[in-house]
$ cat structure-v9.txt   # compact mmCIF, C-alpha atoms
# COMPACT_ATOMS: atom_id res chain seq x y z
CA MET A 265 148.59 127.83 74.10
CA THR A 266 149.68 128.64 77.63
CA TRP A 267 149.14 126.14 80.43
CA VAL A 268 146.29 128.33 81.73
CA GLY A 269 144.60 128.17 78.38
CA ARG A 270 145.02 124.39 78.21
CA LEU A 271 143.64 124.03 81.73
CA LEU A 272 140.64 126.18 80.92
CA PHE A 273 140.02 124.24 77.73
CA LEU A 274 140.15 120.97 79.67
CA ILE A 275 137.75 122.28 82.31
CA VAL A 276 135.28 123.50 79.70
CA PHE A 277 135.58 120.27 77.72
CA LEU A 278 134.99 118.10 80.78
CA SER A 279 132.09 120.29 81.94
CA ILE A 280 130.33 119.93 78.62
CA GLY A 281 130.97 116.23 78.58
CA THR A 282 129.53 115.64 82.03
CA CYS A 283 126.54 117.90 81.45
CA LEU A 284 125.38 116.19 78.31
CA PRO A 285 122.63 113.66 79.05
CA ALA A 286 123.77 110.09 78.75
CA ARG A 287 122.31 108.59 75.61
CA ALA A 288 121.85 104.93 75.01
CA GLN A 289 123.16 103.71 71.70
CA VAL A 290 120.20 103.58 69.30
CA LEU A 291 119.82 99.98 68.17
CA PRO A 292 117.48 98.46 65.64
CA LEU A 293 114.96 96.23 67.34
CA VAL A 294 113.39 93.07 65.97
CA VAL A 295 110.26 91.51 67.40
CA ILE A 296 110.34 87.72 67.54
CA ALA A 297 107.78 85.20 68.71
CA ASN A 298 107.06 81.55 69.23
CA SER A 299 105.60 79.74 66.23
CA LYS A 300 102.28 79.50 68.10
CA GLY A 301 100.45 82.56 69.30
CA ALA A 302 101.52 85.86 67.77
CA PRO A 303 100.36 86.68 64.24
CA ALA A 304 102.97 87.13 61.52
CA GLU A 305 102.20 90.83 61.19
CA MET A 306 101.10 93.45 63.67
CA LYS A 307 100.57 97.16 63.76
CA MET A 308 102.67 99.20 66.16
CA ALA A 309 99.60 100.07 68.24
CA GLN A 310 98.80 96.36 68.60
CA LEU A 311 102.38 95.58 69.57
CA LYS A 312 102.34 98.26 72.24
CA ALA A 313 99.04 96.98 73.60
CA VAL A 314 100.47 93.47 73.85
CA MET A 315 103.77 94.54 75.36
CA ARG A 316 102.01 96.71 77.94
CA GLY A 317 100.00 93.77 79.17
CA GLU A 318 96.71 95.11 77.79
CA ARG A 319 96.22 91.99 75.67
CA LEU A 320 96.46 88.78 77.65
CA ARG A 321 95.57 86.29 74.90
CA TRP A 322 96.45 85.84 71.26
CA PRO A 323 93.68 85.29 68.68
CA ASP A 324 94.28 81.54 68.88
CA GLY A 325 93.57 81.64 72.62
CA SER A 326 97.11 81.03 73.80
CA LYS A 327 98.40 83.18 76.63
CA VAL A 328 100.67 86.13 75.85
CA VAL A 329 104.09 85.61 77.44
CA ILE A 330 106.41 88.60 77.23
CA ALA A 331 110.19 88.22 77.09
CA LEU A 332 112.44 91.26 77.41
CA MET A 333 116.09 92.01 77.76
CA LYS A 334 116.93 93.41 81.18
CA SER A 335 116.73 97.18 81.44
CA SER A 336 120.44 97.24 82.27
CA THR A 337 121.26 96.09 78.71
CA PRO A 338 121.37 98.40 75.65
CA ILE A 339 118.56 96.43 73.98
CA GLY A 340 116.50 96.69 77.15
CA VAL A 341 116.98 100.45 77.26
CA ASN A 342 116.05 100.81 73.59
CA THR A 343 113.00 98.60 74.03
CA GLY A 344 111.81 100.77 76.90
CA GLN A 345 112.20 103.91 74.87
CA LYS A 346 110.86 102.76 71.49
CA ILE A 347 107.99 100.53 72.53
CA TYR A 348 107.03 101.71 76.01
CA ASN A 349 108.24 105.35 75.88
CA MET A 350 109.61 104.79 79.38
CA SER A 351 112.94 104.87 81.08
CA ALA A 352 114.21 101.70 82.76
CA ASN A 353 112.96 102.89 86.15
CA GLU A 354 109.55 103.81 84.79
CA LEU A 355 109.23 100.48 83.02
CA ASN A 356 110.09 98.52 86.15
CA LYS A 357 107.62 100.52 88.19
CA TYR A 358 104.94 100.09 85.52
CA TRP A 359 105.21 96.31 85.66
CA LEU A 360 105.49 96.28 89.42
CA ALA A 361 102.19 98.16 89.69
CA LEU A 362 100.42 95.86 87.22
CA VAL A 363 101.62 92.72 88.93
CA PHE A 364 100.78 94.12 92.38
CA GLN A 365 97.22 94.74 91.22
CA GLY A 366 96.99 91.23 89.81
CA LYS A 367 96.27 92.57 86.34
CA ALA A 368 99.11 90.92 84.49
CA ASP A 369 102.02 88.52 84.87
CA ALA A 370 105.46 90.05 84.98
CA PRO A 371 107.54 89.76 81.80
CA ASN A 372 110.48 87.37 81.72
CA PHE A 373 113.76 89.28 81.72
CA PHE A 374 117.02 88.01 80.26
CA ASN A 375 120.68 88.94 80.26
CA SER A 376 121.47 87.70 76.77
CA GLU A 377 119.71 87.49 73.44
CA ALA A 378 120.58 83.79 73.20
CA GLU A 379 118.68 83.03 76.43
CA LEU A 380 115.73 85.13 75.31
CA GLU A 381 115.56 83.43 71.91
CA GLU A 382 115.75 79.98 73.48
CA PHE A 383 112.93 80.87 75.88
CA ILE A 384 110.75 82.11 73.07
CA ALA A 385 111.42 79.03 70.97
CA GLN A 386 110.29 76.82 73.84
CA THR A 387 107.32 78.81 75.15
CA THR A 388 103.95 78.84 73.43
CA GLY A 389 102.61 82.38 73.06
CA ALA A 390 105.92 84.05 73.82
CA ILE A 391 106.92 87.34 72.22
CA GLY A 392 110.12 89.29 72.71
CA VAL A 393 112.44 91.96 71.40
CA VAL A 394 116.02 91.43 70.26
CA ASN A 395 118.60 93.20 68.14
CA GLN A 396 119.07 90.70 65.30
CA PRO A 397 116.57 88.27 63.77
CA PRO A 398 117.35 84.75 64.98
CA THR A 399 118.19 81.99 62.59
CA GLY A 400 115.18 79.76 62.18
CA GLY A 401 113.02 81.87 64.42
CA LYS A 402 109.76 83.71 63.71
CA THR A 403 110.15 87.43 63.11
CA ILE A 404 107.06 89.58 63.41
CA LEU A 405 106.56 92.37 60.88
CA ILE A 406 105.57 95.60 62.59
CA ASP A 407 103.78 98.02 60.25
CA GLY A 408 105.25 95.97 57.43
CA ARG A 409 108.84 96.31 58.61
CA LYS A 410 111.22 93.71 60.00
CA SER A 411 112.91 96.08 62.43
CA LEU A 412 111.82 99.05 64.51
CA MET B 136 105.63 103.30 97.59
CA PHE B 137 102.85 103.60 95.01
CA PHE B 138 101.08 106.46 96.83
CA PRO B 139 101.87 109.88 95.39
CA THR B 140 101.52 111.38 98.90
CA ILE B 141 102.39 110.07 102.36
CA ASP B 142 98.85 109.33 103.50
CA ARG B 143 95.69 108.36 101.69
CA PRO B 144 93.23 111.12 100.76
CA LEU B 145 90.80 111.88 103.58
CA LEU B 146 87.87 110.22 101.87
CA PHE B 147 89.71 106.94 102.45
CA ALA B 148 91.50 107.81 105.68
CA GLN B 149 88.27 109.08 107.32
CA GLY B 150 86.39 105.92 106.43
CA ILE B 151 83.99 107.35 103.85
CA VAL B 152 84.91 104.76 101.26
CA PRO B 153 85.29 101.20 102.59
CA LEU B 154 88.74 99.82 102.05
CA HIS B 155 88.60 96.14 102.87
CA THR B 156 86.17 93.28 102.61
CA THR B 157 86.15 89.60 101.84
CA GLY B 158 84.24 88.40 98.80
CA VAL B 159 84.23 87.38 95.17
CA SER B 160 84.96 89.68 92.27
CA LEU B 161 84.92 89.64 88.51
CA GLN B 162 87.13 91.91 86.47
CA GLY B 163 87.52 92.86 82.83
CA GLN B 164 90.07 95.25 81.42
CA ASN B 165 91.23 96.91 78.22
CA LEU B 166 88.11 96.01 76.25
CA GLY B 167 87.54 97.79 72.97
CA ALA B 168 88.87 101.03 71.59
CA LEU B 169 88.20 102.94 74.82
CA ARG B 170 89.97 100.28 76.88
CA PHE B 171 86.85 99.79 78.96
CA GLY B 172 87.23 97.99 82.25
CA TYR B 173 84.88 96.77 84.96
CA ASP B 174 84.98 95.33 88.46
CA VAL B 175 82.01 93.64 90.11
CA MET B 176 82.37 92.44 93.66
CA VAL B 177 80.06 90.80 96.16
CA GLY B 178 81.47 90.92 99.65
CA ASN B 179 80.64 90.47 103.30
CA GLY B 180 80.53 94.24 103.71
CA LEU B 181 80.95 96.61 106.62
CA GLY B 182 80.36 95.08 110.03
CA SER B 183 82.05 91.84 108.99
CA GLY B 184 85.58 90.97 110.01
CA GLU B 185 88.42 89.20 108.27
CA LEU B 186 87.15 85.80 109.37
CA LEU B 187 83.43 86.13 110.10
CA ASP B 188 80.39 87.84 108.66
CA ASN B 189 78.00 89.31 111.19
CA ASN B 190 74.86 89.30 109.06
CA SER B 191 73.29 87.86 105.93
CA PHE B 192 73.54 91.11 103.96
CA LYS B 193 76.15 91.31 101.26
CA SER B 194 77.84 94.37 99.83
CA LEU B 195 77.85 94.98 96.13
CA THR B 196 80.44 97.01 94.25
CA VAL B 197 80.14 97.84 90.58
CA ALA B 198 82.90 99.93 89.04
CA VAL B 199 83.58 100.86 85.45
CA HIS B 200 86.30 102.89 83.76
CA VAL B 201 87.61 103.88 80.37
CA LYS B 202 91.06 104.89 79.18
CA PRO B 203 90.29 106.80 75.99
CA ARG B 204 93.86 108.01 75.52
CA ASP B 205 97.25 107.06 76.93
CA GLY B 206 97.55 108.54 80.40
CA TRP B 207 93.80 109.17 80.85
CA ARG B 208 91.50 107.19 83.11
CA MET B 209 87.90 108.05 83.97
CA GLY B 210 85.83 105.92 86.25
CA ALA B 211 82.58 105.63 88.16
CA SER B 212 81.39 103.21 90.80
CA LEU B 213 78.50 102.28 93.02
CA TYR B 214 78.84 100.62 96.42
CA HIS B 215 75.78 99.24 98.15
CA ASP B 216 75.71 97.75 101.62
CA VAL B 217 73.36 97.14 104.54
CA ILE B 218 74.94 97.66 107.92
CA SER B 219 72.97 95.90 110.61
CA LYS B 220 72.21 97.61 113.93
CA GLY B 221 74.87 97.08 116.53
CA SER B 222 77.63 96.33 114.02
CA VAL B 223 81.08 97.42 115.17
CA LEU B 224 82.72 98.94 112.16
CA HIS B 225 86.48 98.73 111.65
CA ASN B 226 86.76 101.02 108.66
CA HIS B 227 86.70 104.25 110.61
CA SER B 228 89.80 106.40 110.85
CA GLY B 229 92.29 106.61 113.68
CA GLY B 230 91.69 103.08 114.78
CA ILE B 231 88.40 104.09 116.39
CA SER B 232 85.68 101.48 116.24
CA THR B 233 82.13 102.78 116.07
CA ARG B 234 78.86 101.01 116.56
CA ALA B 235 76.01 101.44 114.12
CA LEU B 236 73.05 102.81 116.08
CA ALA B 237 70.48 101.57 113.62
CA LYS B 238 70.24 99.40 110.52
CA ILE B 239 71.69 101.53 107.73
CA ASN B 240 71.25 101.23 104.02
CA GLN B 241 74.33 102.71 102.41
CA ASN B 242 74.96 103.65 98.80
CA ILE B 243 78.18 105.35 97.73
CA LEU B 244 78.49 106.89 94.29
CA THR B 245 82.01 107.76 93.17
CA ALA B 246 83.47 109.47 90.12
CA SER B 247 87.20 109.64 89.44
CA PHE B 248 89.62 111.09 86.95
CA ALA B 249 93.32 110.44 86.54
CA TYR B 250 95.74 112.00 84.11
CA ASN B 251 99.38 111.18 83.72
CA ASP B 252 101.18 112.89 80.90
CA SER B 253 102.99 109.74 79.94
CA VAL B 254 103.28 110.44 76.25
CA PHE B 255 104.77 113.86 75.63
CA THR B 256 106.48 115.76 78.40
CA LYS B 257 105.94 113.19 81.16
CA LYS B 258 105.66 116.13 83.54
CA TYR B 259 102.16 116.32 84.92
CA GLU B 260 100.13 114.14 87.25
CA LEU B 261 96.48 114.85 88.08
CA LEU B 262 94.06 112.90 90.26
CA ALA B 263 90.55 113.85 91.32
CA GLU B 264 87.86 111.84 92.99
CA SER B 265 84.51 112.62 94.57
CA SER B 266 82.16 110.35 96.48
CA MET B 267 78.63 110.89 97.66
CA ALA B 268 77.58 108.56 100.45
CA LEU B 269 73.85 108.19 100.95
CA ASN B 270 73.14 106.71 104.34
CA LYS B 271 69.57 105.87 105.30
CA ALA B 272 68.29 104.58 108.61
CA ASP B 273 64.55 103.99 109.09
CA SER B 274 64.54 105.59 112.53
CA LEU B 275 67.09 108.32 111.86
CA GLY B 276 66.34 109.44 108.30
CA ARG B 277 68.61 109.82 105.31
CA GLN B 278 71.67 112.00 104.86
CA ASN B 279 74.24 112.61 102.18
CA THR B 280 77.94 113.11 102.70
CA ILE B 281 80.16 114.41 99.95
CA ALA B 282 83.90 113.73 100.09
CA SER B 283 86.35 114.90 97.43
CA TYR B 284 90.01 115.40 96.76
CA ALA B 285 92.20 116.73 93.99
CA TYR B 286 95.92 116.07 93.55
CA ALA B 287 98.43 117.64 91.19
CA GLY B 288 102.10 116.86 90.79
CA ILE B 289 104.77 118.08 88.41
CA ARG B 290 107.87 116.09 87.58
CA LEU B 291 110.66 118.65 87.67
CA THR B 292 113.38 116.09 86.99
CA ASP B 293 113.39 112.32 86.52
CA LYS B 294 113.37 111.93 90.31
CA ILE B 295 111.90 115.05 91.93
CA ILE B 296 108.14 115.63 91.99
CA PRO B 297 106.60 118.45 94.07
CA TYR B 298 102.87 118.07 94.62
CA ILE B 299 99.78 119.45 96.31
CA ARG B 300 96.51 117.90 97.36
CA VAL B 301 93.29 119.39 98.72
CA ASP B 302 90.64 117.37 100.51
CA ASP B 303 87.11 118.32 101.52
CA ILE B 304 84.47 116.34 103.37
CA GLN B 305 81.03 117.80 103.99
CA TYR B 306 78.72 115.99 106.39
CA ARG B 307 75.11 116.84 107.17
CA GLN B 308 74.22 117.71 110.72
CA GLU B 309 71.85 114.78 111.08
CA GLU B 310 74.28 112.24 109.64
CA VAL B 311 73.16 108.77 110.68
CA TYR B 312 76.40 106.81 110.26
CA PHE B 313 79.54 108.93 109.96
CA SER B 314 80.69 111.21 112.72
CA ASP B 315 79.62 114.73 111.85
CA ARG B 316 82.88 116.68 111.46
CA ASN B 317 83.31 118.69 108.28
CA VAL B 318 86.97 118.68 107.39
CA GLN B 319 89.20 120.33 104.84
CA SER B 320 92.86 119.65 104.30
CA PHE B 321 95.70 121.13 102.31
CA THR B 322 98.79 119.04 101.64
CA GLY B 323 101.97 120.16 99.95
CA GLY B 324 105.12 118.15 99.58
CA VAL B 325 107.93 116.83 97.47
CA ARG B 326 108.60 113.27 96.42
CA TYR B 327 112.06 111.98 95.54
CA GLU B 328 112.07 108.69 93.63
CA LEU B 329 115.40 107.01 94.32
CA ASN B 330 114.43 104.17 91.99
CA TYR B 331 111.36 102.10 91.25
CA LEU B 332 111.54 100.43 94.67
CA ALA B 333 112.40 103.34 96.95
CA VAL B 334 110.74 106.70 97.44
CA VAL B 335 111.34 109.52 99.93
CA LYS B 336 108.61 112.08 100.73
CA LEU B 337 108.59 115.28 102.74
CA GLU B 338 105.19 116.82 103.32
CA TYR B 339 103.28 119.57 105.10
CA GLN B 340 99.59 119.13 105.87
CA ARG B 341 97.03 121.44 107.45
CA ILE B 342 93.75 119.88 108.55
CA LYS B 343 90.80 122.07 109.52
CA SER B 344 87.74 120.61 111.18
CA HIS B 345 84.77 122.57 112.48
CA ARG B 346 84.84 120.55 115.69
CA ALA B 347 88.53 120.93 116.50
CA THR B 348 91.36 123.40 116.16
CA ALA B 349 93.36 123.29 112.96
CA VAL B 350 96.30 120.89 112.92
CA ASP B 351 99.58 121.55 111.13
CA ARG B 352 101.81 118.60 110.49
CA VAL B 353 105.15 118.03 108.80
CA SER B 354 105.89 114.42 107.85
CA PHE B 355 108.81 112.57 106.37
CA GLN B 356 108.55 109.10 104.86
CA ILE B 357 110.92 106.58 103.33
CA ALA B 358 109.03 103.90 101.41
CA VAL B 359 110.82 100.78 100.23
CA GLY B 360 109.35 97.90 98.26
CA PHE B 361 110.81 94.41 98.31
$ encode --input "structure-v9.txt" --output "structure tokens"
Amino acid sequence: MTWVGRLLFLIVFLSIGTCLPARAQVLPLVVIANSKGAPAEMKMAQLKAVMRGERLRWPDGSKVVIALMKSSTPIGVNTGQKIYNMSANELNKYWLALVFQGKADAPNFFNSEAELEEFIAQTTGAIGVVNQPPTGGKTILIDGRKSL
Amino acid sequence: MFFPTIDRPLLFAQGIVPLHTTGVSLQGQNLGALRFGYDVMVGNGLGSGELLDNNSFKSLTVAVHVKPRDGWRMGASLYHDVISKGSVLHNHSGGISTRALAKINQNILTASFAYNDSVFTKKYELLAESSMALNKADSLGRQNTIASYAYAGIRLTDKIIPYIRVDDIQYRQEEVYFSDRNVQSFTGGVRYELNYLAVVKLEYQRIKSHRATAVDRVSFQIAVGF
């Protein structure tokens, strides 16, 4: 291949690469919760209602406390897409609007799964989304499945 | 930052619908399959200020809405107030304070619809609202004012949203409270959402009033939340 051909190939290859939309790695998601509050099983529609701030209390009366990985993390991006059907920007704006209207408390955002799991273990009514089920923690079945 | 356009629709900007009061409210939201919500508020009403109430009358607001599907919201409300004679009212547009010439019983009925295609294409935004204000003064009679707007936006990319909005306010000639100036407005613009805290808007607006020459205006806004 002549140098012109190689150059053209490189230009085409780079053009395709930069034009393709960036895709977050698709990760399995596991919903975990504090031992008090969330039921052991939920339907996806119920989970979405809770995670969107539409349900403020669990059946036992405890307050729903949402814990999420930051939208800058792969798990955060996947959570936004799978549960909220929103990009990171949309999700942040969604919560900003709800909190501004006084309709819900903002979720708690974390940089690492370990921090999120520790928060959930210590907070009554907490529910969150991680990548792997924690050891000793409470995993919520969603539509009968352990992971989304 | 949350407004889809630079300014509020005319039915708010022209003082048809009261914007501020001090009071007590109850709220319920996301109740049942239709995600029914309600707001009930008792307030000091028009004529009162931020610190003092000028009369014993209280305003009552009752609003209900349903969200039957994701992205849909339909609502209705009733506002009732008694504006005592001589009240200086701070809800009128352009910073102009007006004085109520007589005691006025005011009822405002409002219907609203909002649609945001948040599920499938995430492309379309629709808002429409219409209010009918019934103002009655014993000495001056009763008149109805109808104020409406409709907004449509389309998300071309993740960040760029062109939009249009039309406003229309129809007063009666013997209006007892509002200033009688029928007005229509067309607004067209584009919104660029830098991120969830910063928005840039460029907009053209033409306002036609039967008591003044038409006004054309181009506006640019940078809105930042922090």
$ closest_atom_pairs --input "structure-v9.txt" --of "chain A" --to "chain B" --cutoff "6 Å" --atoms "only C-alpha atoms" --output "JSON lines"
{"residue": "A:Glu318", "atom": "CA", "partner": "B:Asn165", "partner_atom": "CA", "distance": 5.8}
{"residue": "A:Asn353", "atom": "CA", "partner": "B:Tyr331", "partner_atom": "CA", "distance": 5.4}
{"residue": "A:Lys357", "atom": "CA", "partner": "B:Tyr331", "partner_atom": "CA", "distance": 5.1}
$ residues_near_point --input "structure-v9.txt" --point "(91.3, 110.0, 99.0)" --cutoff "10 Å" --atoms "all atoms listed in the file" --output "list in words"
Asp142, Arg143, Pro144, Leu145, Leu146, Phe147, Ala148, Gln149, Gly150, Ile151, Val152, Leu262, Ala263, Glu264, Ser265, Ser266, Ala282, Ser283, Tyr284, Ala285, Tyr286, Arg300, Val301, Asp302 and Asp303 of chain B
$ residues_around --input "structure-v9.txt" --residues "B:Tyr327" --least-positions-apart "2" --cutoff "7 Å" --atoms "all atoms listed in the file" --output "list of chain:residue names"
B:Lys294, B:Ile295, B:Ile296, B:Val325, B:Leu329, B:Val334, B:Val335, B:Lys336
$ axis_aligned_box --input "structure-v9.txt" --around "stretch 331-349 of chain A" --padding-each-side "6 Å" --output "JSON"
{"center_x": 114.2, "center_y": 96.8, "center_z": 76.9, "size_x": 26.3, "size_y": 29.1, "size_z": 22.8}
$ atom_distance --input "structure-v9.txt" --atom1 "atom CA of B:Arg341" --atom2 "atom CA of B:Arg316"
15.5 Å
$ residues_around --input "structure-v9.txt" --residues "stretch 366-383 of chain A" --least-positions-apart "6" --cutoff "6 Å" --atoms "only C-alpha atoms" --output "MDAnalysis selection string"
chainID A and resid 330:334
$ residues_around --input "structure-v9.txt" --residues "stretch 344-350 of chain B" --least-positions-apart "4" --cutoff "9 Å" --atoms "only C-alpha atoms" --output "list in words"
Asp315, Arg316, Asn317, Val318, Gln319, Ser320 and Gln340 of chain B
$ residues_around --input "structure-v9.txt" --residues "stretch 206-217 of chain B" --least-positions-apart "4" --cutoff "7 Å" --atoms "all atoms listed in the file" --output "PyMOL selection string"
chain B and resi 180+192-202+239-253
$ build_atoms --input "structure-v9.txt" --residues "stretch 315-324 of chain A" --atoms "all heavy atoms" --output "PDB file, in the frame of the given file"
ATOM      1  N   MET A 315     102.583  94.431  74.498  1.00  0.00           N
ATOM      2  CA  MET A 315     103.770  94.540  75.360  1.00  0.00           C
ATOM      3  C   MET A 315     103.471  95.266  76.661  1.00  0.00           C
ATOM      4  O   MET A 315     104.203  95.117  77.630  1.00  0.00           O
ATOM      5  CB  MET A 315     104.890  95.274  74.605  1.00  0.00           C
ATOM      6  CG  MET A 315     105.336  94.583  73.333  1.00  0.00           C
ATOM      7  SD  MET A 315     105.929  92.899  73.617  1.00  0.00           S
ATOM      8  CE  MET A 315     107.601  93.222  74.152  1.00  0.00           C
ATOM      9  N   ARG A 316     102.391  96.029  76.698  1.00  0.00           N
ATOM     10  CA  ARG A 316     102.010  96.710  77.940  1.00  0.00           C
ATOM     11  C   ARG A 316     101.140  95.835  78.828  1.00  0.00           C
ATOM     12  O   ARG A 316     100.686  96.281  79.876  1.00  0.00           O
ATOM     13  CB  ARG A 316     101.236  97.980  77.632  1.00  0.00           C
ATOM     14  CG  ARG A 316     102.091  99.156  77.279  1.00  0.00           C
ATOM     15  CD  ARG A 316     101.241 100.397  77.323  1.00  0.00           C
ATOM     16  NE  ARG A 316     101.659 101.306  76.283  1.00  0.00           N
ATOM     17  CZ  ARG A 316     100.854 102.082  75.591  1.00  0.00           C
ATOM     18  NH1 ARG A 316      99.562 102.049  75.803  1.00  0.00           N
ATOM     19  NH2 ARG A 316     101.320 102.880  74.683  1.00  0.00           N
ATOM     20  N   GLY A 317     100.840  94.653  78.375  1.00  0.00           N
ATOM     21  CA  GLY A 317     100.000  93.770  79.170  1.00  0.00           C
ATOM     22  C   GLY A 317      98.522  94.034  79.018  1.00  0.00           C
ATOM     23  O   GLY A 317      97.712  93.537  79.799  1.00  0.00           O
ATOM     24  N   GLU A 318      98.135  94.820  78.005  1.00  0.00           N
ATOM     25  CA  GLU A 318      96.710  95.110  77.790  1.00  0.00           C
ATOM     26  C   GLU A 318      96.021  93.981  77.047  1.00  0.00           C
ATOM     27  O   GLU A 318      94.800  93.884  77.065  1.00  0.00           O
ATOM     28  CB  GLU A 318      96.564  96.428  77.039  1.00  0.00           C
ATOM     29  CG  GLU A 318      97.032  97.625  77.850  1.00  0.00           C
ATOM     30  CD  GLU A 318      97.014  98.916  77.047  1.00  0.00           C
ATOM     31  OE1 GLU A 318      96.534  98.892  75.894  1.00  0.00           O
ATOM     32  OE2 GLU A 318      97.483  99.939  77.556  1.00  0.00           O
ATOM     33  N   ARG A 319      96.783  93.164  76.363  1.00  0.00           N
ATOM     34  CA  ARG A 319      96.220  91.990  75.670  1.00  0.00           C
ATOM     35  C   ARG A 319      96.806  90.762  76.337  1.00  0.00           C
ATOM     36  O   ARG A 319      98.022  90.573  76.335  1.00  0.00           O
ATOM     37  CB  ARG A 319      96.607  92.002  74.190  1.00  0.00           C
ATOM     38  CG  ARG A 319      95.948  93.125  73.415  1.00  0.00           C
ATOM     39  CD  ARG A 319      94.504  92.798  73.079  1.00  0.00           C
ATOM     40  NE  ARG A 319      93.869  93.920  72.370  1.00  0.00           N
ATOM     41  CZ  ARG A 319      93.197  94.890  72.979  1.00  0.00           C
ATOM     42  NH1 ARG A 319      93.054  94.870  74.278  1.00  0.00           N
ATOM     43  NH2 ARG A 319      92.646  95.853  72.282  1.00  0.00           N
ATOM     44  N   LEU A 320      95.962  89.925  76.885  1.00  0.00           N
ATOM     45  CA  LEU A 320      96.460  88.780  77.650  1.00  0.00           C
ATOM     46  C   LEU A 320      96.442  87.497  76.835  1.00  0.00           C
ATOM     47  O   LEU A 320      97.047  86.508  77.239  1.00  0.00           O
ATOM     48  CB  LEU A 320      95.622  88.607  78.916  1.00  0.00           C
ATOM     49  CG  LEU A 320      95.601  89.818  79.853  1.00  0.00           C
ATOM     50  CD1 LEU A 320      94.737  89.525  81.072  1.00  0.00           C
ATOM     51  CD2 LEU A 320      97.009  90.192  80.286  1.00  0.00           C
ATOM     52  N   ARG A 321      95.706  87.506  75.710  1.00  0.00           N
ATOM     53  CA  ARG A 321      95.570  86.290  74.900  1.00  0.00           C
ATOM     54  C   ARG A 321      95.778  86.638  73.439  1.00  0.00           C
ATOM     55  O   ARG A 321      95.409  87.713  72.974  1.00  0.00           O
ATOM     56  CB  ARG A 321      94.156  85.705  75.055  1.00  0.00           C
ATOM     57  CG  ARG A 321      93.807  85.250  76.468  1.00  0.00           C
ATOM     58  CD  ARG A 321      94.207  83.827  76.698  1.00  0.00           C
ATOM     59  NE  ARG A 321      94.145  83.459  78.102  1.00  0.00           N
ATOM     60  CZ  ARG A 321      94.545  82.285  78.558  1.00  0.00           C
ATOM     61  NH1 ARG A 321      95.042  81.365  77.733  1.00  0.00           N
ATOM     62  NH2 ARG A 321      94.457  82.014  79.838  1.00  0.00           N
ATOM     63  N   TRP A 322      96.348  85.720  72.705  1.00  0.00           N
ATOM     64  CA  TRP A 322      96.450  85.840  71.260  1.00  0.00           C
ATOM     65  C   TRP A 322      95.120  85.397  70.630  1.00  0.00           C
ATOM     66  O   TRP A 322      94.311  84.740  71.278  1.00  0.00           O
ATOM     67  CB  TRP A 322      97.585  84.965  70.733  1.00  0.00           C
ATOM     68  CG  TRP A 322      98.944  85.371  71.199  1.00  0.00           C
ATOM     69  CD1 TRP A 322      99.762  84.675  72.036  1.00  0.00           C
ATOM     70  CD2 TRP A 322      99.637  86.576  70.859  1.00  0.00           C
ATOM     71  NE1 TRP A 322     100.929  85.364  72.249  1.00  0.00           N
ATOM     72  CE2 TRP A 322     100.886  86.531  71.535  1.00  0.00           C
ATOM     73  CE3 TRP A 322      99.350  87.678  70.059  1.00  0.00           C
ATOM     74  CZ2 TRP A 322     101.835  87.543  71.431  1.00  0.00           C
ATOM     75  CZ3 TRP A 322     100.282  88.694  69.958  1.00  0.00           C
ATOM     76  CH2 TRP A 322     101.509  88.628  70.637  1.00  0.00           C
ATOM     77  N   PRO A 323      94.935  85.703  69.335  1.00  0.00           N
ATOM     78  CA  PRO A 323      93.680  85.290  68.680  1.00  0.00           C
ATOM     79  C   PRO A 323      93.427  83.789  68.740  1.00  0.00           C
ATOM     80  O   PRO A 323      92.277  83.350  68.736  1.00  0.00           O
ATOM     81  CB  PRO A 323      93.869  85.762  67.228  1.00  0.00           C
ATOM     82  CG  PRO A 323      94.770  86.935  67.345  1.00  0.00           C
ATOM     83  CD  PRO A 323      95.704  86.618  68.486  1.00  0.00           C
ATOM     84  N   ASP A 324      94.499  82.985  68.817  1.00  0.00           N
ATOM     85  CA  ASP A 324      94.280  81.540  68.880  1.00  0.00           C
ATOM     86  C   ASP A 324      93.992  81.056  70.296  1.00  0.00           C
ATOM     87  O   ASP A 324      93.854  79.856  70.528  1.00  0.00           O
ATOM     88  CB  ASP A 324      95.485  80.780  68.299  1.00  0.00           C
ATOM     89  CG  ASP A 324      96.754  80.951  69.141  1.00  0.00           C
ATOM     90  OD1 ASP A 324      96.710  81.656  70.162  1.00  0.00           O
ATOM     91  OD2 ASP A 324      97.796  80.384  68.761  1.00  0.00           O
TER      92      ASP A 324
END
